[in-house]
Amino acid sequence: MLSVRDIHTYYGDSYVLQGVTLELVPGQVVALLGRNGVGKTTLARSILGLTPPKRGTIVFKDVDITRMPAHKIAQMGIGLVPQGRQVFGSLTVKEHLQVTARGRGRWNFDRVTELFPNLRSRMRSLAGKLSGGEQQMLAAGRALVANPALLVMDEPTEGLAPMMVRELGRGIESLKQVGTSILLIEQQLAFALRYADVVFIMSKGRIVHRCTPAELAADAQTKARYLGI
Ligand SMILES: Nc1ncnc2c1ncn2[C@@H]1O[C@H](COP(=O)(O)OP(=O)(O)OP(=O)(O)O)[C@@H](O)[C@H]1O
Ligand SMILES: [Mg+2]
C-alpha cells in the first residue's frame, strides 16, 4: 500500500531524512517511534508531499507519489492528523467536518460522531473552545471524513488526559476493524505497542530498528538506546 524507498529530505541545507525505507501493507497499523527531533514529522511531511524528498521514491497504491503536489496526494487517499492538532479556532466542529468531507466512503458525518461521541455534543462549539482531547478527536474526524485509505497520525496522544487517550485508542481500534491503514507516530510507547502490527524506530534521520510490538516490549536494550526508556 505504501512503500517509502531510501528517501532523503532537506529543509534548505539542513539534511534531515538520510535514507528512510519503510513498508506498510493494507490494513496494517505501523508505529513509528523515536526521540524528539529524529525526523518523524519530516517523514510524515515527505509522504504527504508537504516537504518532498530530494532523492528516493514514495509509492502509494502502485503510483509514484514522490513529486506529486500535496493536494493530489490527499485526493489519492492519504490523510493527515497533524502534530499539535492544528484545528481552526474560529471554525465550529461541524464546519471542520463540512469543509473536508469528500466522497461517499464509509466515513460520513454520522459515522465520525459515532466513533467520537464527544464531538456530537460539541457540534456548534468553536474548535478554539474545545479541550485538547476534543481537539484531537476533531483533528482525527476531519481527516476521516475525507475517507483516506491511509491515515498518518502524528503524535495523537501528545498532551492528552488518560481518559482521552483511551477514547482515541477505541477510535484506532475501530479503524483497524474496518481495514484503514494507519501510520502511527508516537512517543507513548505503551499506546503504540497496543495498536501496532509492526514497529519502526527512527534515530537521526534513519530507520534503525524494525520489529514486532512483542519483540520491542521485551527488548530493554533497544528501548533504552533509542527511546530513552
Ligand atoms: N521547517 C523546518 N525547517 C528547518 N528545520 C526543521 C524544520 N522542521 C523540523 N526541522 C528540523 O528537522 C529535524 C527533525 O524534525 P522533526 O520535526 O521531523 O522531528 P520529530 O521526530 O517529529 O520530533 P518531535 O518528536 O519533537 O515531534 C529537527 O532537527 C528539526 O529541528
Ligand atoms: Mg514531530
# chains A, B, ... in the order shown; residues from 1 in each chain; ligands from 1
$ closest_atom_pairs --of "chain A" --to "ligand 2" --cutoff "8 Å" --atoms "only C-alpha atoms and all ligand atoms" --output "CSV"
residue,atom,partner,partner_atom_place_in_ligand_line,distance
A:Asn36,CA,ligand 2,1 (Mg),7.0
A:Gly37,CA,ligand 2,1 (Mg),6.8
A:Gly39,CA,ligand 2,1 (Mg),6.9
A:Lys40,CA,ligand 2,1 (Mg),5.3
A:Thr41,CA,ligand 2,1 (Mg),4.0
A:Thr42,CA,ligand 2,1 (Mg),7.2
A:Gln83,CA,ligand 2,1 (Mg),6.3
A:Asp154,CA,ligand 2,1 (Mg),6.6
A:Glu155,CA,ligand 2,1 (Mg),7.1
A:Ile185,CA,ligand 2,1 (Mg),8.0
$ select_by_dssp --residues "segment 22-181 of chain A" --states "strand (DSSP E)" --output "PyMOL selection string"
chain A and resi 22-24+29-33+55-60+63-64+78-81+150-154+181
$ write_last_selection --atoms "N, CA and C atoms" --output "compact mmCIF listing (two decimals), in the first residue's frame"
# COMPACT_ATOMS: atom_id res chain seq x y z
N LEU A 22 10.61 2.26 4.39
CA LEU A 22 9.54 1.76 5.25
C LEU A 22 8.41 1.21 4.38
N GLU A 23 7.81 0.12 4.81
CA GLU A 23 6.73 -0.51 4.07
C GLU A 23 5.49 -0.61 4.95
N LEU A 24 4.35 -0.43 4.33
CA LEU A 24 3.09 -0.60 5.07
C LEU A 24 2.13 -1.36 4.18
N VAL A 29 -1.42 -1.39 10.99
CA VAL A 29 -1.05 -0.22 11.78
C VAL A 29 0.45 -0.31 12.02
N VAL A 30 1.17 0.66 11.45
CA VAL A 30 2.61 0.70 11.62
C VAL A 30 2.94 1.82 12.59
N ALA A 31 3.64 1.48 13.66
CA ALA A 31 4.05 2.52 14.61
C ALA A 31 5.44 3.00 14.25
N LEU A 32 5.61 4.32 14.29
CA LEU A 32 6.92 4.92 14.06
C LEU A 32 7.32 5.63 15.35
N LEU A 33 8.40 5.12 15.95
CA LEU A 33 8.82 5.65 17.24
C LEU A 33 10.19 6.30 17.12
N ARG A 55 15.76 12.91 -2.89
CA ARG A 55 16.09 11.64 -3.53
C ARG A 55 15.23 10.54 -2.93
N GLY A 56 15.13 9.43 -3.66
CA GLY A 56 14.34 8.30 -3.19
C GLY A 56 12.94 8.36 -3.76
N THR A 57 12.14 7.33 -3.51
CA THR A 57 10.78 7.30 -4.06
C THR A 57 9.77 6.90 -3.00
N ILE A 58 8.55 7.39 -3.20
CA ILE A 58 7.42 7.02 -2.35
C ILE A 58 6.32 6.52 -3.27
N VAL A 59 5.91 5.28 -3.06
CA VAL A 59 4.89 4.66 -3.91
C VAL A 59 3.67 4.36 -3.04
N PHE A 60 2.51 4.81 -3.51
CA PHE A 60 1.26 4.57 -2.79
C PHE A 60 0.27 3.94 -3.76
N VAL A 63 1.36 3.77 -7.32
CA VAL A 63 1.60 5.02 -8.04
C VAL A 63 2.76 5.76 -7.37
N ASP A 64 3.67 6.25 -8.17
CA ASP A 64 4.79 7.02 -7.63
C ASP A 64 4.27 8.42 -7.25
N ILE A 78 -4.52 9.69 1.15
CA ILE A 78 -3.69 9.73 2.37
C ILE A 78 -4.15 10.91 3.21
N GLY A 79 -4.52 10.64 4.44
CA GLY A 79 -4.99 11.70 5.34
C GLY A 79 -3.96 11.95 6.43
N LEU A 80 -3.96 13.18 6.94
CA LEU A 80 -3.01 13.54 8.00
C LEU A 80 -3.74 14.07 9.21
N VAL A 81 -3.38 13.53 10.37
CA VAL A 81 -3.77 14.14 11.64
C VAL A 81 -2.49 14.79 12.16
N LEU A 150 -5.24 5.55 3.88
CA LEU A 150 -4.12 5.54 4.82
C LEU A 150 -4.20 6.82 5.66
N LEU A 151 -4.16 6.63 6.95
CA LEU A 151 -4.20 7.77 7.85
C LEU A 151 -2.84 7.89 8.56
N VAL A 152 -2.22 9.05 8.42
CA VAL A 152 -0.96 9.31 9.12
C VAL A 152 -1.31 10.14 10.36
N MET A 153 -1.02 9.58 11.52
CA MET A 153 -1.34 10.28 12.78
C MET A 153 -0.03 10.64 13.47
N ASP A 154 0.19 11.95 13.63
CA ASP A 154 1.46 12.41 14.18
C ASP A 154 1.31 12.79 15.66
N SER A 181 -5.61 1.63 6.98
CA SER A 181 -4.20 1.54 7.33
C SER A 181 -3.79 2.80 8.09
$ residues_near_ligand --ligand "ligand 1" --cutoff "12 Å" --atoms "only C-alpha atoms and all ligand atoms" --output "count of residues only"
50
$ atom_distance --atom1 "atom CA of Cys211 of chain A" --atom2 "atom CA of Thr66 of chain A"
26.0 Å
$ closest_residue --among "A:Ala217, A:Met76, A:Leu91, A:Ala192" --to "Asn147 of chain A" --atoms "only C-alpha atoms"
A:Met76
$ select_by_dssp --residues "segment 115-228 of chain A" --states "helix (DSSP H, G or I)" --output "PyMOL selection string"
chain A and resi 115+117-120+127-129+132-144+162-177+189-195+213-217+220-227
$ residues_around --residues "Arg102 of chain A" --least-positions-apart "4" --cutoff "10 Å" --atoms "only C-alpha atoms" --output "PyMOL selection string"
chain A and resi 75+97-98+107-108+144-148
$ write_last_selection --atoms "N, CA and C atoms" --output "CSV table (one decimal), in the first residue's frame"
chain,number,residue,atom,x,y,z
A,75,GLN,N,-5.9,13.6,-2.4
A,75,GLN,CA,-7.0,13.1,-3.2
A,75,GLN,C,-6.9,11.6,-3.4
A,97,LEU,N,-15.8,19.6,9.8
A,97,LEU,CA,-16.2,18.3,9.1
A,97,LEU,C,-16.8,18.6,7.8
A,98,GLN,N,-17.5,19.7,7.7
A,98,GLN,CA,-18.1,20.0,6.4
A,98,GLN,C,-17.1,20.4,5.3
A,107,TRP,N,-16.7,7.0,5.9
A,107,TRP,CA,-16.7,8.0,7.0
A,107,TRP,C,-17.5,9.2,6.6
A,108,ASN,N,-18.7,9.2,7.0
A,108,ASN,CA,-19.5,10.4,6.8
A,108,ASN,C,-19.7,11.0,8.2
A,144,LEU,N,-10.8,11.9,8.7
A,144,LEU,CA,-11.5,10.7,8.4
A,144,LEU,C,-12.6,11.0,7.4
A,145,VAL,N,-13.3,12.2,7.5
A,145,VAL,CA,-14.4,12.5,6.6
A,145,VAL,C,-13.9,12.6,5.1
A,146,ALA,N,-12.6,12.7,4.9
A,146,ALA,CA,-12.1,12.7,3.5
A,146,ALA,C,-11.9,11.2,3.1
A,147,ASN,N,-12.2,10.3,3.9
A,147,ASN,CA,-12.2,8.9,3.6
A,147,ASN,C,-10.8,8.4,3.1
A,148,PRO,N,-9.8,8.6,3.9
A,148,PRO,CA,-8.5,8.2,3.4
A,148,PRO,C,-8.3,6.6,3.5
$ residues_around --residues "Asn118 of chain A" --least-positions-apart "6" --cutoff "12 Å" --atoms "only C-alpha atoms" --output "PyMOL selection string"
chain A and resi 93+112+125+130-131+133-138+141+163-164+167-168+171
$ atom_distance --atom1 "atom CA of Ile182 of chain A" --atom2 "atom CA of Asp62 of chain A"
17.5 Å
$ atom_distance --atom1 "atom CA of Ala127 of chain A" --atom2 "atom CA of Phe88 of chain A"
6.3 Å
